[in-house]
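Written below as structure tokens is the structure these notes are about.
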Amino acid sequence: MTRVQKTVFVLIALVALVLGLTVHKVLNNQRQADPTQLLDAGIVLLPQSRTLPSISLTDQDGKPVAVNELKDKWSLLFFGYTFCPDICPTTLAQMRELKGLLPEAARNNLRVVLVSVDPNRDTPQQLKQYLGYFDPAFVGYTGELASIQKLANAVSIPFIPADTSKENYTVDHSGNLVVIGPDGTQRGFIRAPLNNQKLKDQLPTLLAPAS
């Protein structure tokens, strides 16, 4: 092979490499969610992910769970309680509807978790029965109030513990959802009230399984 042929061969290889990298970048950008559209749907992503505290709670089956091991799927955490008169049933019904609107791949990559802010009344059995009214696949967490408060503060969803000595007490809490990535870290929030028509278009890109 002459020097000219070698030079041409190298140039062709470089052009092919550049084109390949460009195509790869374009395809990756197509798979990335548009931050503006995410915000319009109420999805707020953190500039840096947050590590969840190492605490143990109890799920709706009475099994211990480590909240910093919520991995393998995307998770949406909602801090509420089963005796809630308004925000909780409305939000859980919307989340059930949202799951039904998502394509199968996104739906299978999503976990919905209700973290009780009323562990005084929300036993595992109570959580399981209540969540069953909405979607048996929904997960419920309860446990020591101090542990739940620690988790809520860590993900910036604080709540005001109720005076449990009062009959039919209520608990003041947020309607926002916490977005947990498949690596077990907090990635952001979804602001209340939920807009399912916009979320169904934006969540599939966010929930796409890693290739």
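For the structure tokens, the naming scheme is as follows: chains receive sequential letters (A, B, ...) according to their order of presentation, residues are indexed from 1 within each chain, and ligands are indexed from 1 in presentation order.
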**Message:** According to DSSP computed on the backbone, where in chain A is there strand (DSSP E)? Give the residues as a PyMOL selection string.
**Reply:** chain A and resi 43-51+56-59+64-66+74-80+110-116+139-142+177-180+185-190
Would you mind exporting N, CA and C atoms of the selected residues as a tab-separated table (two decimals), in the first residue's frame?
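As a result, part-v6.tsv now contains:
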chain	number	residue	atom	x	y	z
A	43	ILE	N	-42.17	17.38	36.90
A	43	ILE	CA	-41.02	16.57	37.31
A	43	ILE	C	-39.81	17.47	37.51
A	44	VAL	N	-39.30	17.50	38.73
A	44	VAL	CA	-38.14	18.33	39.06
A	44	VAL	C	-36.97	17.41	39.40
A	45	LEU	N	-35.93	17.41	38.55
A	45	LEU	CA	-34.77	16.57	38.78
A	45	LEU	C	-33.71	17.34	39.56
A	46	LEU	N	-33.07	16.67	40.49
A	46	LEU	CA	-32.03	17.29	41.30
A	46	LEU	C	-30.73	17.41	40.49
A	47	PRO	N	-29.95	18.47	40.71
A	47	PRO	CA	-28.67	18.58	40.02
A	47	PRO	C	-27.69	17.47	40.42
A	48	GLN	N	-27.84	16.98	41.66
A	48	GLN	CA	-27.05	15.84	42.13
A	48	GLN	C	-27.96	14.89	42.90
A	49	SER	N	-27.76	13.60	42.68
A	49	SER	CA	-28.60	12.62	43.38
A	49	SER	C	-28.26	12.62	44.87
A	50	ARG	N	-29.25	12.20	45.69
A	50	ARG	CA	-29.07	12.15	47.14
A	50	ARG	C	-29.12	10.70	47.61
A	51	THR	N	-28.22	10.36	48.50
A	51	THR	CA	-28.21	9.03	49.10
A	51	THR	C	-29.27	8.96	50.19
A	56	SER	N	-34.30	1.13	58.65
A	56	SER	CA	-35.13	-0.03	58.37
A	56	SER	C	-36.59	0.28	58.69
A	57	LEU	N	-37.48	-0.07	57.77
A	57	LEU	CA	-38.92	0.06	57.99
A	57	LEU	C	-39.54	-1.32	57.78
A	58	THR	N	-40.86	-1.39	57.82
A	58	THR	CA	-41.58	-2.65	57.65
A	58	THR	C	-42.56	-2.51	56.50
A	59	ASP	N	-42.58	-3.47	55.58
A	59	ASP	CA	-43.49	-3.36	54.45
A	59	ASP	C	-44.87	-3.92	54.79
A	64	PRO	N	-39.04	-6.69	57.08
A	64	PRO	CA	-38.17	-5.52	57.21
A	64	PRO	C	-37.60	-5.12	55.86
A	65	VAL	N	-37.49	-3.82	55.64
A	65	VAL	CA	-36.93	-3.32	54.38
A	65	VAL	C	-35.94	-2.20	54.70
A	66	ALA	N	-34.85	-2.17	53.96
A	66	ALA	CA	-33.87	-1.09	54.08
A	66	ALA	C	-34.17	-0.07	52.99
A	74	TRP	N	-37.21	2.14	39.07
A	74	TRP	CA	-37.51	3.48	39.52
A	74	TRP	C	-38.63	3.38	40.56
A	75	SER	N	-38.57	4.22	41.58
A	75	SER	CA	-39.59	4.20	42.63
A	75	SER	C	-40.17	5.59	42.81
A	76	LEU	N	-41.47	5.64	43.05
A	76	LEU	CA	-42.14	6.89	43.42
A	76	LEU	C	-42.63	6.73	44.85
A	77	LEU	N	-42.09	7.54	45.75
A	77	LEU	CA	-42.47	7.49	47.16
A	77	LEU	C	-43.49	8.59	47.46
A	78	PHE	N	-44.57	8.19	48.10
A	78	PHE	CA	-45.61	9.13	48.51
A	78	PHE	C	-45.77	9.01	50.02
A	79	PHE	N	-45.60	10.12	50.73
A	79	PHE	CA	-45.75	10.12	52.18
A	79	PHE	C	-47.20	10.46	52.52
A	80	GLY	N	-47.93	9.48	53.04
A	80	GLY	CA	-49.33	9.68	53.37
A	80	GLY	C	-49.77	8.69	54.42
A	110	LEU	N	-41.40	0.48	37.20
A	110	LEU	CA	-41.85	1.46	38.19
A	110	LEU	C	-42.39	0.78	39.44
A	111	ARG	N	-42.00	1.30	40.59
A	111	ARG	CA	-42.49	0.83	41.88
A	111	ARG	C	-43.14	2.01	42.61
A	112	VAL	N	-44.34	1.82	43.11
A	112	VAL	CA	-45.05	2.86	43.85
A	112	VAL	C	-45.05	2.49	45.33
A	113	VAL	N	-44.58	3.41	46.17
A	113	VAL	CA	-44.45	3.14	47.60
A	113	VAL	C	-45.18	4.21	48.41
A	114	LEU	N	-46.08	3.78	49.29
A	114	LEU	CA	-46.71	4.67	50.25
A	114	LEU	C	-45.95	4.54	51.58
A	115	VAL	N	-45.33	5.62	52.02
A	115	VAL	CA	-44.64	5.63	53.31
A	115	VAL	C	-45.58	6.29	54.32
A	116	SER	N	-45.99	5.55	55.33
A	116	SER	CA	-46.99	6.06	56.27
A	116	SER	C	-46.42	7.13	57.19
A	139	VAL	N	-46.72	-0.73	47.13
A	139	VAL	CA	-45.99	-1.15	48.33
A	139	VAL	C	-46.25	-0.15	49.45
A	140	GLY	N	-46.32	-0.65	50.69
A	140	GLY	CA	-46.52	0.23	51.84
A	140	GLY	C	-45.42	0.05	52.86
A	141	TYR	N	-44.97	1.16	53.44
A	141	TYR	CA	-43.95	1.11	54.49
A	141	TYR	C	-44.48	1.77	55.76
A	142	THR	N	-44.20	1.16	56.88
A	142	THR	CA	-44.50	1.74	58.18
A	142	THR	C	-43.33	1.44	59.11
A	177	LEU	N	-44.40	13.74	45.23
A	177	LEU	CA	-43.82	12.41	45.14
A	177	LEU	C	-42.30	12.52	45.09
A	178	VAL	N	-41.63	11.55	45.65
A	178	VAL	CA	-40.17	11.48	45.60
A	178	VAL	C	-39.76	10.50	44.51
A	179	VAL	N	-38.85	10.92	43.64
A	179	VAL	CA	-38.37	10.06	42.56
A	179	VAL	C	-37.06	9.41	42.98
A	180	ILE	N	-37.06	8.08	43.05
A	180	ILE	CA	-35.87	7.31	43.42
A	180	ILE	C	-35.41	6.52	42.19
A	185	THR	N	-30.86	6.01	44.79
A	185	THR	CA	-30.67	7.39	45.23
A	185	THR	C	-31.85	8.25	44.79
A	186	GLN	N	-32.08	9.34	45.51
A	186	GLN	CA	-33.15	10.26	45.14
A	186	GLN	C	-32.71	11.07	43.93
A	187	ARG	N	-33.57	11.09	42.90
A	187	ARG	CA	-33.26	11.82	41.67
A	187	ARG	C	-34.06	13.12	41.55
A	188	GLY	N	-35.18	13.21	42.29
A	188	GLY	CA	-35.97	14.42	42.17
A	188	GLY	C	-37.33	14.28	42.81
A	189	PHE	N	-38.27	15.10	42.30
A	189	PHE	CA	-39.64	15.15	42.82
A	189	PHE	C	-40.63	15.19	41.67
A	190	ILE	N	-41.87	14.87	41.98
A	190	ILE	CA	-42.99	15.18	41.09
A	190	ILE	C	-43.94	16.02	41.91
**Request:** Work out how far atom CA of A:Asp201 is from atom CA of A:Ala106, in Å to one decimal.
**Result:** 10.9 Å
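Near stretch 118-126 of chain A, within a cut-off of 9 Å and counting only C-alpha atoms, sit the residues A:Thr58, A:Asp59, A:Gln60, A:Asp61, A:Gly62, A:Lys63, A:Gly80, A:Tyr81, A:Thr82, A:Phe83, A:Gly140, A:Tyr141, A:Thr142, A:Gly143, A:Glu144, A:Leu145, A:Ile148, A:Pro161, A:Ala162, A:Thr164, A:Thr170, A:Val171, with same-chain residues fewer than 6 positions away left out.
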Polymer residues at most 10 Å from A:Leu207, only C-alpha atoms, same-chain spacing of 2 or more positions, as a PDB file with C-alpha atoms, in the first residue's frame:
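Output file selection10.pdb is given in full below:
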ATOM      1  CA  ALA A  33     -35.811  13.657  28.484  1.00  0.00           C
ATOM      2  CA  LYS A  73     -36.458  -0.136  39.367  1.00  0.00           C
ATOM      3  CA  TRP A  74     -37.507   3.484  39.523  1.00  0.00           C
ATOM      4  CA  SER A  75     -39.591   4.204  42.629  1.00  0.00           C
ATOM      5  CA  ALA A 105     -41.844  -1.282  29.609  1.00  0.00           C
ATOM      6  CA  ALA A 106     -42.167   1.852  31.737  1.00  0.00           C
ATOM      7  CA  ARG A 107     -44.897   0.336  33.892  1.00  0.00           C
ATOM      8  CA  ASN A 108     -42.768  -2.723  34.631  1.00  0.00           C
ATOM      9  CA  ASN A 109     -39.844  -0.492  35.603  1.00  0.00           C
ATOM     10  CA  LEU A 110     -41.846   1.463  38.191  1.00  0.00           C
ATOM     11  CA  GLY A 181     -33.599   5.964  40.687  1.00  0.00           C
ATOM     12  CA  PRO A 182     -32.723   2.300  40.111  1.00  0.00           C
ATOM     13  CA  GLN A 202     -42.600  12.261  30.013  1.00  0.00           C
ATOM     14  CA  LEU A 203     -42.186   9.349  32.416  1.00  0.00           C
ATOM     15  CA  PRO A 204     -41.504   6.643  29.765  1.00  0.00           C
ATOM     16  CA  THR A 205     -38.270   8.403  28.743  1.00  0.00           C
ATOM     17  CA  PRO A 209     -34.407   0.673  31.379  1.00  0.00           C
ATOM     18  CA  ALA A 210     -30.679   1.225  30.991  1.00  0.00           C
TER      19      ALA A 210
END
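Using only C-alpha atoms, the smallest distance between any of A:Lys198, A:Lys150, A:Lys71, A:Lys99 and A:Ile55 comes from A:Lys150.
Pairwise distance (atom CA of A:Gln197, atom CA of A:Gln129) equals 28.4 Å.
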**Request:** Quick one: pick out all helix (DSSP H, G or I) residues within stretch 69-147 of chain A from a backbone DSSP run and write them as a PyMOL selection string.
**Result:** chain A and resi 69+87-101+104-108+124-132+145-147
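Among the candidate residues A:Thr91, A:Gly184, A:Ser147, A:Tyr169, the one lying nearest to A:Asp72 is A:Gly184, with distances computed using only C-alpha atoms.
For the residues A:Ala208, A:Leu70, A:Asp86, A:Lys200, ranking by smallest atom-to-atom distance to A:Gln37 using only C-alpha atoms places A:Lys200 first.
Those residues that approach stretch 131-134 of chain A to within 7 Å, counting only C-alpha atoms, are A:Leu92, A:Ala93, A:Arg96; same-chain residues fewer than 6 positions away are not listed.
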With N, CA and C atoms retained, could you export that selection as a PDB file, in the first residue's frame?
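Listed below is the output, result-v9.pdb:
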ATOM      1  N   LEU A  92     -53.379   8.335  45.271  1.00  0.00           N
ATOM      2  CA  LEU A  92     -53.217   6.916  44.947  1.00  0.00           C
ATOM      3  C   LEU A  92     -54.075   6.505  43.753  1.00  0.00           C
ATOM      4  N   ALA A  93     -55.257   7.078  43.648  1.00  0.00           N
ATOM      5  CA  ALA A  93     -56.115   6.793  42.497  1.00  0.00           C
ATOM      6  C   ALA A  93     -55.476   7.339  41.220  1.00  0.00           C
ATOM      7  N   ARG A  96     -52.627   5.049  40.250  1.00  0.00           N
ATOM      8  CA  ARG A  96     -53.158   3.839  39.610  1.00  0.00           C
ATOM      9  C   ARG A  96     -53.507   4.140  38.156  1.00  0.00           C
TER      10      ARG A  96
END
